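Chemist: Take this structure, written in structure tokens, and hold onto it; I'll ask about it next.
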Amino acid sequence: MVKHILFDFDGTLVDSRALLVKLYNEIAGQHQFRKIREQDLALLRTLSIAERVDRLGVPALQIPKLIIAGRQMYQENIRTLHVVPGMKEIIARLSSHGLKSSILSSNSEANIRTFLKNNKMEGSFKEVISAKLLFGKHHAIRKVMKQWGTTPGRMIYVGDELRDIEACKKLGVPIVAVTWGYDAPRLLLRGQPDYLVNTPGELLRTLLTLA
């Protein structure tokens, strides 16, 4: 029986894909990387992060520095972002059923809390946890389980990327993959998520059946 729900942030709760493409293209222009064109998006959604980086010609060693710059630029544009339609109401419904929701994201805690405040959702989540490393979510999830004194079977993760699925698989934590975020359904299926949902309403039904 699930008691704790960990939500990813970008792509899952907030519709930030267009902003991140815009910010990446600004950085790409400064560093002579290949920019993302509108016609590239469908293909890029089917590729893993490593495959995207290779296709765009971004040196792997520069990624940590670029992430830091991107977070600062993200903060400057955060008022342009909106909650994925329906997700605000779903978080409230889950709370009314006694389920505790938290956010675990590779975005910064400051960015996430600013967004929640702008959208009047400050009290919607038990905690906001930042996984500092791009591929370090399993470390952050393990730390959360230890702090909460819970087991993999008592929690579930909701995310929109293959790396979310891979992190959960390392720990035996069930995951619901959502198809409206960054990664395409066929890429998500490559990771074999426990559940795959196409709408917020379907997500709510899935989570309530596990509670």
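Ordering of the structure tokens sets the chain letters (A, B, ...), residue numbers begin anew at 1 in every chain, and ligands are numbered from 1 in the order given.
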Which residues are near A:Ile49? Cut-off 10 Å, only C-alpha atoms, ignore same chain within fewer than 5 positions. Put them as a PDB file with C-alpha atoms, in the first residue's frame.

Modeler:
ATOM      1  CA  LEU A  44      14.838  14.247 -29.594  1.00  0.00           C
ATOM      2  CA  ASP A  54      25.823  13.367 -28.719  1.00  0.00           C
ATOM      3  CA  ARG A  55      23.455  14.459 -31.477  1.00  0.00           C
ATOM      4  CA  LEU A 134      21.603  14.867 -13.440  1.00  0.00           C
ATOM      5  CA  PHE A 135      21.846  11.089 -13.017  1.00  0.00           C
ATOM      6  CA  GLU A 161      11.878  10.618 -18.267  1.00  0.00           C
ATOM      7  CA  LEU A 162      13.750   7.390 -18.884  1.00  0.00           C
ATOM      8  CA  ARG A 163      16.309   8.393 -16.240  1.00  0.00           C
ATOM      9  CA  ASP A 183      10.377  11.741 -23.156  1.00  0.00           C
TER      10      ASP A 183
END

Chemist: Check chain A with DSSP on the backbone and list each residue it calls strand (DSSP E), as a ChimeraX atom specification.

Modeler: /A:4-7,100-105,128-130,155-159,175-178,195-197

Chemist: For N, CA, C and O atoms, I'd like the residues from the last selection saved as a CSV table (one decimal), in the first residue's frame.

Modeler:
chain,number,residue,atom,x,y,z
A,4,HIS,N,3.4,7.3,0.3
A,4,HIS,CA,4.2,8.5,-0.1
A,4,HIS,C,4.3,8.5,-1.6
A,4,HIS,O,4.7,7.5,-2.2
A,5,ILE,N,4.1,9.7,-2.2
A,5,ILE,CA,4.2,9.9,-3.6
A,5,ILE,C,5.3,10.9,-3.9
A,5,ILE,O,5.2,12.1,-3.3
A,6,LEU,N,6.3,10.6,-4.6
A,6,LEU,CA,7.3,11.5,-5.1
A,6,LEU,C,7.1,11.9,-6.5
A,6,LEU,O,7.0,11.1,-7.4
A,7,PHE,N,6.9,13.2,-6.7
A,7,PHE,CA,6.7,13.8,-8.0
A,7,PHE,C,8.0,14.4,-8.6
A,7,PHE,O,8.7,15.2,-7.9
A,100,LYS,N,0.5,11.5,1.1
A,100,LYS,CA,1.5,12.6,1.2
A,100,LYS,C,2.3,12.7,-0.1
A,100,LYS,O,2.9,11.7,-0.5
A,101,SER,N,2.3,13.9,-0.6
A,101,SER,CA,3.1,14.1,-1.9
A,101,SER,C,4.3,15.0,-1.6
A,101,SER,O,4.2,16.0,-0.8
A,102,SER,N,5.4,14.7,-2.2
A,102,SER,CA,6.6,15.5,-2.2
A,102,SER,C,7.2,15.6,-3.6
A,102,SER,O,6.8,14.9,-4.5
A,103,ILE,N,8.1,16.6,-3.8
A,103,ILE,CA,8.7,16.8,-5.1
A,103,ILE,C,10.2,16.4,-4.9
A,103,ILE,O,10.9,16.8,-4.0
A,104,LEU,N,10.7,15.6,-5.9
A,104,LEU,CA,12.1,15.3,-6.0
A,104,LEU,C,12.5,15.5,-7.4
A,104,LEU,O,12.0,14.9,-8.3
A,105,SER,N,13.4,16.5,-7.6
A,105,SER,CA,13.7,16.9,-8.9
A,105,SER,C,15.2,17.3,-9.0
A,105,SER,O,15.8,17.7,-8.0
A,128,VAL,N,10.2,19.5,-0.6
A,128,VAL,CA,10.8,19.7,-1.9
A,128,VAL,C,12.3,19.3,-1.8
A,128,VAL,O,13.0,19.9,-1.0
A,129,ILE,N,12.7,18.3,-2.6
A,129,ILE,CA,14.0,17.8,-2.5
A,129,ILE,C,14.7,17.9,-3.9
A,129,ILE,O,14.2,17.6,-4.9
A,130,SER,N,15.9,18.5,-3.8
A,130,SER,CA,16.7,18.7,-5.1
A,130,SER,C,17.8,17.6,-5.2
A,130,SER,O,18.6,17.4,-4.3
A,155,MET,N,6.1,3.6,-1.3
A,155,MET,CA,6.2,4.9,-2.0
A,155,MET,C,6.1,4.6,-3.5
A,155,MET,O,6.3,3.5,-3.9
A,156,ILE,N,5.9,5.6,-4.2
A,156,ILE,CA,5.9,5.5,-5.7
A,156,ILE,C,6.4,6.9,-6.3
A,156,ILE,O,6.2,7.9,-5.7
A,157,TYR,N,7.1,6.8,-7.4
A,157,TYR,CA,7.6,8.0,-8.1
A,157,TYR,C,6.8,8.2,-9.3
A,157,TYR,O,6.4,7.3,-10.0
A,158,VAL,N,6.6,9.5,-9.6
A,158,VAL,CA,5.8,9.9,-10.8
A,158,VAL,C,6.8,10.8,-11.6
A,158,VAL,O,7.2,11.8,-11.1
A,159,GLY,N,7.2,10.3,-12.8
A,159,GLY,CA,8.1,11.1,-13.6
A,159,GLY,C,7.8,11.0,-15.1
A,159,GLY,O,7.0,10.2,-15.5
A,175,ILE,N,7.2,3.0,-10.3
A,175,ILE,CA,7.2,4.3,-10.9
A,175,ILE,C,6.0,4.4,-11.9
A,175,ILE,O,5.7,3.4,-12.6
A,176,VAL,N,5.3,5.5,-11.9
A,176,VAL,CA,4.3,5.8,-12.9
A,176,VAL,C,5.0,6.8,-13.9
A,176,VAL,O,5.4,7.9,-13.5
A,177,ALA,N,5.1,6.4,-15.2
A,177,ALA,CA,5.7,7.3,-16.2
A,177,ALA,C,4.5,8.0,-16.9
A,177,ALA,O,3.5,7.4,-17.3
A,178,VAL,N,4.7,9.3,-17.0
A,178,VAL,CA,3.6,10.1,-17.7
A,178,VAL,C,4.1,10.5,-19.1
A,178,VAL,O,5.3,10.8,-19.3
A,195,TYR,N,3.9,1.5,-14.5
A,195,TYR,CA,2.7,2.1,-15.0
A,195,TYR,C,3.0,3.2,-16.0
A,195,TYR,O,4.0,3.9,-15.9
A,196,LEU,N,2.2,3.3,-17.1
A,196,LEU,CA,2.4,4.3,-18.1
A,196,LEU,C,1.0,5.0,-18.2
A,196,LEU,O,0.0,4.3,-18.5
A,197,VAL,N,0.9,6.3,-18.0
A,197,VAL,CA,-0.4,7.0,-18.1
A,197,VAL,C,-0.3,8.2,-19.1
A,197,VAL,O,0.8,8.8,-19.3

Chemist: For A:Asn107, which of A:Gln192, A:Thr179, A:Gln72, A:Gln62 is the closest residue, counting only C-alpha atoms?

Modeler: A:Gln72

Chemist: Quick check for you: according to DSSP on this backbone, which residues of stretch 51-80 of chain A are classed as alpha helix (DSSP H)? Reply as a count of residues only.

Modeler: 20

Chemist: Pick out the closest residue to A:Glu202 from this set: A:Leu189, A:Leu19, A:Met87, A:Ala110. Count only C-alpha atoms.

Modeler: A:Met87

Chemist: Could you tell me how far atom CA of A:Arg190 lies from atom CA of A:Ala18, in Å and to one decimal?

Modeler: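 So the two atoms, atom CA of A:Arg190 and atom CA of A:Ala18, lie 24.3 Å apart.
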
Chemist: Determine, counting only C-alpha atoms, which protein, DNA and RNA residues have an atom within 6 Å of an atom of stretch 143-153 of chain A; residues of the same chain fewer than 3 positions away are not included. Present the result as a list in words.

Modeler: Ala140, Gly172 and Val173 of chain A

Chemist: Quick one, how far is atom CA of A:Arg52 from atom CA of A:Phe9?

Modeler: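 We find that atom CA of A:Arg52 and atom CA of A:Phe9 lie 20.4 Å from each other.
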
Chemist: Between A:Leu66, A:Cys168, A:Ala28, A:Val83, which residue has the minimum interatomic distance to A:Ile141, considering only C-alpha atoms?

Modeler: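 Nearest candidate to A:Ile141 out of A:Leu66, A:Cys168, A:Ala28, A:Val83: A:Cys168.
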
Chemist: Could you give me, as a list in words, the residues within 10 Å of A:Met121, counting only C-alpha atoms and dropping anything in the same chain fewer than 4 positions from it?

Modeler: Val83, Lys88, Ile91, Ala92, Arg113, Thr114, Phe115, Leu116, Lys117 and Phe125 of chain A

Chemist: Just how far from atom CA of A:Val58 is atom CA of A:Lys137, in Å to one decimal?

Modeler: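 Going from atom CA of A:Lys137 over to atom CA of A:Val58, I get 22.0 Å.
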
Chemist: Give me the residues near A:Trp180 as a list in words, where near means some atom within 10 Å (using only C-alpha atoms) and where sequence neighbours in that chain fewer than 5 positions away do not count.

Modeler: Gly11, Thr12, Leu13, Asp15, Val84, Asp160, Pro185, Val197, Asn198, Thr199 and Pro200 of chain A

Chemist: Smallest atom-to-atom distance to A:Val53: which of A:Thr80, A:Arg93, A:Arg71, A:Tyr24, using only C-alpha atoms?

Modeler: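 Checking each of A:Thr80, A:Arg93, A:Arg71, A:Tyr24 against A:Val53, counting only C-alpha atoms, the winner is A:Tyr24.
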